[in-house]
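Here's the structure we're looking at; comments come further down.
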Amino acid sequence: MTILFYLSAFIAVLATVLVITRTNAVHALLYLIVSLLAVALIFFALGAPFVAALEVIIYAGAIMVLFIFVVMLLNLGGEATRRESTLLTPGIWIGPSVLCVILAGELVYLFSGKPSNIPAPGAVSTKQVGIALFGPYALGVELASFLLLAGLVGAYHLGRREDR
Amino acid sequence: MTDTMRHLFILFGVLFSVLTVGGLLIWLERRLLALWQERYGPNRVGPFGLLQVAADMIKVITKEDWTPPFADKAVFIIAPAILMIVVVTSFAIIPWASGIEVVDLNIGVLFFLGLSSLGVYSVALAGWASDSKYSLLGGLRASAQMLSYEVFMGLSLMGVVMLAGSFSLREIVEAQQDLWFVVPQFFGFAVFFIAGIAETHRLPFDLPEAESELVAGYHSEYSGLKFGMFFAGEYLGITLISALTVTLFFGGWSGPYLPHAVWFGLKTFAFICFFVLIRASLPRPRYDQLMSFGWKVCLPVSLANLVVTGAWILMMK
């Protein structure tokens with residue numbers, strides 16, 4: 001299980017790096033899908049199969065398909081690829097690198113300290129997730145649904161035909 | 001026989017039988033279509049034309065496997081492979097008889113839904129990588145159609161999951177020993193089967209590859225073995241949807257007198273024939289009709305089914 005975890009973690013990190021450095025949009029999206037699948041496998045190895053399945057169905061299976069759909073409609077040709085290849089200059093790496101180093105420092109601190117630094121996870125069942133969502137976090141769920149409804153109404157308004 | 005040996009035996013047995021059935025379906029479909037259209041169909045090669053399958057295979061394998069120079073090579077090659085991997089992997093969760101399955105996942109139904117949502121990439125990427133307008137239109141249609149019908153497919157199965165109280169296909173079959181789920185979940189079954197036809201893009205929902213307008217849709221540029229993979233993937237998809245319909249709504253392997261596996265095979269065969277009968281008898285709708293049927297009929301029906309099932313379960317408690 002430990003080997004599985006580190007292998008999929010390595011694949012996830014590598015695929016994510018490749019997402020950033022690819023110049024072709026579809027190739028980058030494909031690596032992002034691989035990264036999401038690797039994260040799903042990590043969840044599975046950690047004993048959360050339900051989260052793993054939802055990760056595949058929602059992120060890899062629905063949201064990323066819409067990304068690819070849009071990229072297909074945009075029909076980005078060689079011109080976009082060339083423009084993209086000029087974007088990643090060495091200077092642009094500085095800001096994200098500094099922020100990432102801070103995050104990495106936090107991680108090292110958590111791992112190096114006493115075990116009490118790491119909160120005990122404990123298995124969370126599907127039922128507990130459901131009860132939590134409809135109990136203490138009901139407000140958050142409602143707010144998220146407001147956001148989705150606004151998006152839906154907006155899409156309907158934009159897609160509506162003028163002639164009637 | 002040790003446990004590992006038994007497991008390997010089941011694994012290769014399932015793989016072998018699934019691929020054989022997928023191959024034989026080429027012949028079966030052509031013979032059945034011919035029967036319903038009062039023709040003979042392929043009846044020359046071997047007994048009843050059965051060796052037609054072998055002839056077709058030799059033809060597909062020996063044809064030139066042409067990759068268009070304008071295509072995105074890596075994506076073009078990986079697209080048909082995604083379809084085959086996704087469909088064949090889905091067969092792992094199906095219980096063929098009591099205790100005979102490759103893996104008994106406690107998230108079986110979700111596993112299938114996740115894999116079928118990954119299947120969209122195959123057609124979408126094939127359409128994009130071919131770099132031809134017919135392929136792109138086919139790919140766009142296929143991804144919109146599959147993405148929409150996936151929603152109804154998932155929702156229609158939730159009624160079954162609520163009644164059985166589990167995502168595991170083994171437990172769903174065991175929960176149907178007294179009453180097949182097709183009786184309390186008839187609308188769930190209807191929506192699932194329609195969505196299954198749309199997911200495998202079979203006639204009458206084969207608009208992604210409608211030959212009268214799009215040449216061959218997303219696989220216009222494919223030839224040889226890569227085309228064969230799309231072709232075989234479609235037949236394996238039919239087998240998968242039939243086997244799942246039997247498992248989820250028609251009691252799976254359960255049945256009197258005959259062995260479990262025989263019952264499972266017979267029921268699945270009946271649904272495969274039903275797929276072919278639908279192709280032989282129904283005309284193709286327009287693309288907008290297909291989408292509005294999905295969102296205006298299938299979605300409300302499956303949602304109402306979910307609400308009624310939930311209320312019924314609460315009342316019976």
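Within each chain, counting starts at residue 1; across the structure tokens, chains are named A, B, ... in the order shown, with ligands numbered 1 upward in that order.
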| said: Show me, as number ranges by chain, the residues of chain B whose atoms get within 10 Å of chain A, using only C-alpha atoms for the distance check. | reply: B: 72, 74-75, 105-121, 124-125, 127-129, 131, 136-137, 139-140, 143-144, 147-148, 150-151, 167
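Those residues that approach segment 256-273 of chain B to within 8 Å, counting only C-alpha atoms, are Glu29, Leu32, Trp96, Ala97, Ser98, Ile238, Thr239, Ser242, Ala243, Val246, Gly252, Trp253, Val276 and Leu277 of chain B; same-chain residues fewer than 3 positions away are not listed.
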Please produce a file of those selected residues containing C-alpha atoms, as a PDB file, in the first residue's frame.
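Contents of again31.pdb, freshly written:
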ATOM      1  CA  GLU B  29     -26.121  -8.596 -35.474  1.00  0.00           C
ATOM      2  CA  LEU B  32     -30.566 -10.873 -36.883  1.00  0.00           C
ATOM      3  CA  TRP B  96     -21.463 -13.856 -13.610  1.00  0.00           C
ATOM      4  CA  ALA B  97     -22.709 -16.377 -11.052  1.00  0.00           C
ATOM      5  CA  SER B  98     -22.789 -16.638  -7.290  1.00  0.00           C
ATOM      6  CA  ILE B 238     -23.646  -3.482 -25.936  1.00  0.00           C
ATOM      7  CA  THR B 239     -22.647  -6.604 -24.013  1.00  0.00           C
ATOM      8  CA  SER B 242     -26.992  -5.806 -21.384  1.00  0.00           C
ATOM      9  CA  ALA B 243     -25.093  -7.561 -18.593  1.00  0.00           C
ATOM     10  CA  VAL B 246     -29.639  -7.995 -16.149  1.00  0.00           C
ATOM     11  CA  GLY B 252     -28.630 -11.186 -12.227  1.00  0.00           C
ATOM     12  CA  TRP B 253     -27.696 -14.864 -12.141  1.00  0.00           C
ATOM     13  CA  VAL B 276     -30.400  -5.322 -32.403  1.00  0.00           C
ATOM     14  CA  LEU B 277     -34.209  -5.301 -32.671  1.00  0.00           C
TER      15      LEU B 277
END
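With only C-alpha atoms as the atoms that count, the residue of A:Arg22, A:Ala9, A:Val17, A:Leu147 with the shortest distance to Arg82 of chain A is A:Arg22.
In this comparison, which uses only C-alpha atoms, the residue of B:Phe193, B:Trp27, B:Phe205, B:Phe227 approaching Ile61 of chain B most closely is B:Phe227.
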| said: When you count only C-alpha atoms, which of these residues is closest to Phe249 of chain B: B:Gly165, B:Gly196, B:Pro184, B:Gly154? | reply: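 So, comparing all the options, the nearest one is B:Pro184.
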| request: Give me the residues within 12 Å of segment 86-100 of chain A as a ChimeraX atom specification, counting only C-alpha atoms and dropping any in the same chain fewer than 4 places off. | output: /A:20-23,79-82,104-107
Would you export the selected residues with C-alpha atoms as a short mmCIF file (atom, residue, chain, number, x, y, z; two decimals), in the first residue's frame, please?
data_model
loop_
_atom_site.label_atom_id
_atom_site.label_comp_id
_atom_site.auth_asym_id
_atom_site.auth_seq_id
_atom_site.Cartn_x
_atom_site.Cartn_y
_atom_site.Cartn_z
CA ILE A 20 2.18 23.45 -16.72
CA THR A 21 4.99 22.98 -19.23
CA ARG A 22 2.97 21.61 -22.21
CA THR A 23 2.35 24.21 -24.89
CA GLU A 79 -0.30 29.87 -33.58
CA ALA A 80 -1.62 29.39 -30.03
CA THR A 81 1.08 26.79 -29.33
CA ARG A 82 3.80 29.24 -30.38
CA ALA A 104 7.07 22.75 1.46
CA GLY A 105 8.53 24.22 4.68
CA GLU A 106 5.18 23.79 6.44
CA LEU A 107 5.04 20.17 5.25
#
| request: Record the distance separating atom CA of Gln145 of chain B and atom CA of His219 of chain B, expressed in Å with one decimal. | output: 16.2 Å
| field | Which of A:Ala138, A:Gly159, A:Val101, A:Phe5 sits closest to Leu46 of chain A [using only C-alpha atoms] | value |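 The closest residue to Leu46 of chain A is A:Phe5.
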| query | Between A:Ala25, A:Ala150, A:Ala12, A:Leu143, which is the closest to Phe67 of chain A once you count only C-alpha atoms? | reply | A:Ala25
| message | Quick check for you: according to DSSP on this backbone, which residues of segment 10-156 of chain A are classed as alpha helix (DSSP H)? Reply as JSON, numbers by chain. | response | {"A": [10, 11, 12, 13, 14, 15, 16, 17, 18, 19, 20, 21, 25, 26, 27, 28, 29, 30, 31, 32, 33, 34, 35, 36, 37, 38, 39, 40, 41, 42, 43, 44, 45, 49, 50, 51, 52, 53, 54, 64, 65, 66, 67, 68, 69, 70, 71, 72, 73, 74, 78, 79, 80, 81, 82, 83, 84, 85, 94, 95, 96, 97, 98, 99, 100, 101, 102, 103, 104, 105, 106, 107, 108, 109, 110, 111, 112, 126, 127, 128, 129, 130, 131, 132, 133, 134, 138, 139, 140, 141, 142, 143, 144, 145, 146, 147, 148, 149, 150, 151, 152, 153, 154, 155, 156]}
With C-alpha atoms retained, could you export that selection as an mmCIF file, in the first residue's frame?
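Printed below is part-v1.cif as written:
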data_model
loop_
_atom_site.group_PDB
_atom_site.id
_atom_site.type_symbol
_atom_site.label_atom_id
_atom_site.label_comp_id
_atom_site.auth_asym_id
_atom_site.auth_seq_id
_atom_site.Cartn_x
_atom_site.Cartn_y
_atom_site.Cartn_z
ATOM 1 C CA PHE A 10 4.920 10.570 -7.949
ATOM 2 C CA ILE A 11 2.741 10.201 -11.052
ATOM 3 C CA ALA A 12 0.411 12.946 -9.804
ATOM 4 C CA VAL A 13 3.271 15.394 -9.237
ATOM 5 C CA LEU A 14 5.000 14.548 -12.512
ATOM 6 C CA ALA A 15 1.761 14.836 -14.496
ATOM 7 C CA THR A 16 0.971 18.181 -12.882
ATOM 8 C CA VAL A 17 4.408 19.542 -13.783
ATOM 9 C CA LEU A 18 3.811 18.377 -17.359
ATOM 10 C CA VAL A 19 0.409 20.147 -17.351
ATOM 11 C CA ILE A 20 2.178 23.445 -16.720
ATOM 12 C CA THR A 21 4.993 22.978 -19.226
ATOM 13 C CA ALA A 25 -3.713 22.897 -24.624
ATOM 14 C CA VAL A 26 -5.195 19.439 -25.251
ATOM 15 C CA HIS A 27 -1.983 17.662 -24.264
ATOM 16 C CA ALA A 28 -1.877 19.719 -21.055
ATOM 17 C CA LEU A 29 -5.489 18.750 -20.287
ATOM 18 C CA LEU A 30 -4.673 15.079 -20.878
ATOM 19 C CA TYR A 31 -1.888 15.267 -18.295
ATOM 20 C CA LEU A 32 -4.283 17.000 -15.907
ATOM 21 C CA ILE A 33 -6.682 14.056 -16.289
ATOM 22 C CA VAL A 34 -3.826 11.646 -15.525
ATOM 23 C CA SER A 35 -3.012 13.707 -12.439
ATOM 24 C CA LEU A 36 -6.652 13.559 -11.260
ATOM 25 C CA LEU A 37 -6.746 9.792 -11.799
ATOM 26 C CA ALA A 38 -3.551 9.429 -9.778
ATOM 27 C CA VAL A 39 -5.110 11.441 -6.937
ATOM 28 C CA ALA A 40 -8.175 9.168 -7.118
ATOM 29 C CA LEU A 41 -5.879 6.166 -6.736
ATOM 30 C CA ILE A 42 -4.266 7.819 -3.696
ATOM 31 C CA PHE A 43 -7.708 8.197 -2.104
ATOM 32 C CA PHE A 44 -8.414 4.555 -2.880
ATOM 33 C CA ALA A 45 -5.118 3.440 -1.329
ATOM 34 C CA PRO A 49 -13.067 4.443 -2.165
ATOM 35 C CA PHE A 50 -16.190 6.630 -2.229
ATOM 36 C CA VAL A 51 -14.131 9.824 -2.566
ATOM 37 C CA ALA A 52 -11.980 8.104 -5.191
ATOM 38 C CA ALA A 53 -15.054 7.196 -7.271
ATOM 39 C CA LEU A 54 -16.472 10.725 -6.978
ATOM 40 C CA MET A 64 -12.411 17.912 -17.626
ATOM 41 C CA VAL A 65 -14.624 16.712 -20.491
ATOM 42 C CA LEU A 66 -16.147 20.202 -20.575
ATOM 43 C CA PHE A 67 -12.637 21.717 -20.666
ATOM 44 C CA ILE A 68 -11.737 19.516 -23.632
ATOM 45 C CA PHE A 69 -15.081 20.364 -25.223
ATOM 46 C CA VAL A 70 -14.313 24.089 -25.031
ATOM 47 C CA VAL A 71 -10.769 23.641 -26.336
ATOM 48 C CA MET A 72 -12.157 21.645 -29.256
ATOM 49 C CA LEU A 73 -14.592 24.468 -30.046
ATOM 50 C CA LEU A 74 -11.865 27.124 -29.826
ATOM 51 C CA GLY A 78 -0.107 26.119 -34.164
ATOM 52 C CA GLU A 79 -0.301 29.867 -33.579
ATOM 53 C CA ALA A 80 -1.622 29.386 -30.032
ATOM 54 C CA THR A 81 1.078 26.794 -29.331
ATOM 55 C CA ARG A 82 3.805 29.238 -30.376
ATOM 56 C CA ARG A 83 2.332 32.013 -28.250
ATOM 57 C CA GLU A 84 2.112 29.619 -25.314
ATOM 58 C CA SER A 85 5.767 28.597 -25.655
ATOM 59 C CA ILE A 94 10.052 33.146 -9.162
ATOM 60 C CA GLY A 95 6.733 34.066 -7.532
ATOM 61 C CA PRO A 96 5.151 30.569 -7.549
ATOM 62 C CA SER A 97 8.471 29.018 -6.445
ATOM 63 C CA VAL A 98 8.688 31.246 -3.349
ATOM 64 C CA LEU A 99 5.103 30.392 -2.369
ATOM 65 C CA CYS A 100 5.730 26.675 -2.957
ATOM 66 C CA VAL A 101 8.866 26.755 -0.806
ATOM 67 C CA ILE A 102 6.785 28.155 2.083
ATOM 68 C CA LEU A 103 4.257 25.318 1.635
ATOM 69 C CA ALA A 104 7.067 22.751 1.465
ATOM 70 C CA GLY A 105 8.528 24.220 4.681
ATOM 71 C CA GLU A 106 5.175 23.789 6.444
ATOM 72 C CA LEU A 107 5.036 20.175 5.249
ATOM 73 C CA VAL A 108 8.555 19.425 6.505
ATOM 74 C CA TYR A 109 7.662 21.030 9.864
ATOM 75 C CA LEU A 110 4.560 18.837 10.179
ATOM 76 C CA PHE A 111 6.461 15.678 9.315
ATOM 77 C CA SER A 112 9.537 16.374 11.434
ATOM 78 C CA THR A 126 -20.443 8.165 3.336
ATOM 79 C CA LYS A 127 -23.303 8.545 5.793
ATOM 80 C CA GLN A 128 -21.236 10.840 8.041
ATOM 81 C CA VAL A 129 -20.386 13.018 5.032
ATOM 82 C CA GLY A 130 -24.077 13.265 4.148
ATOM 83 C CA ILE A 131 -25.136 14.100 7.710
ATOM 84 C CA ALA A 132 -22.399 16.742 7.983
ATOM 85 C CA LEU A 133 -23.429 18.324 4.679
ATOM 86 C CA PHE A 134 -27.098 18.570 5.667
ATOM 87 C CA ALA A 138 -26.165 23.241 5.382
ATOM 88 C CA LEU A 139 -25.478 26.960 4.889
ATOM 89 C CA GLY A 140 -22.423 26.235 2.734
ATOM 90 C CA VAL A 141 -24.413 23.790 0.602
ATOM 91 C CA GLU A 142 -27.167 26.394 0.165
ATOM 92 C CA LEU A 143 -24.652 29.075 -0.842
ATOM 93 C CA ALA A 144 -23.018 26.727 -3.362
ATOM 94 C CA SER A 145 -26.434 25.974 -4.845
ATOM 95 C CA PHE A 146 -27.122 29.742 -5.144
ATOM 96 C CA LEU A 147 -23.898 30.049 -7.123
ATOM 97 C CA LEU A 148 -24.864 27.153 -9.398
ATOM 98 C CA LEU A 149 -28.352 28.589 -9.917
ATOM 99 C CA ALA A 150 -26.873 31.960 -10.864
ATOM 100 C CA GLY A 151 -24.605 30.223 -13.371
ATOM 101 C CA LEU A 152 -27.550 28.280 -14.781
ATOM 102 C CA VAL A 153 -29.741 31.392 -15.176
ATOM 103 C CA GLY A 154 -26.822 33.261 -16.748
ATOM 104 C CA ALA A 155 -26.174 30.463 -19.235
ATOM 105 C CA TYR A 156 -29.879 30.350 -20.103
#
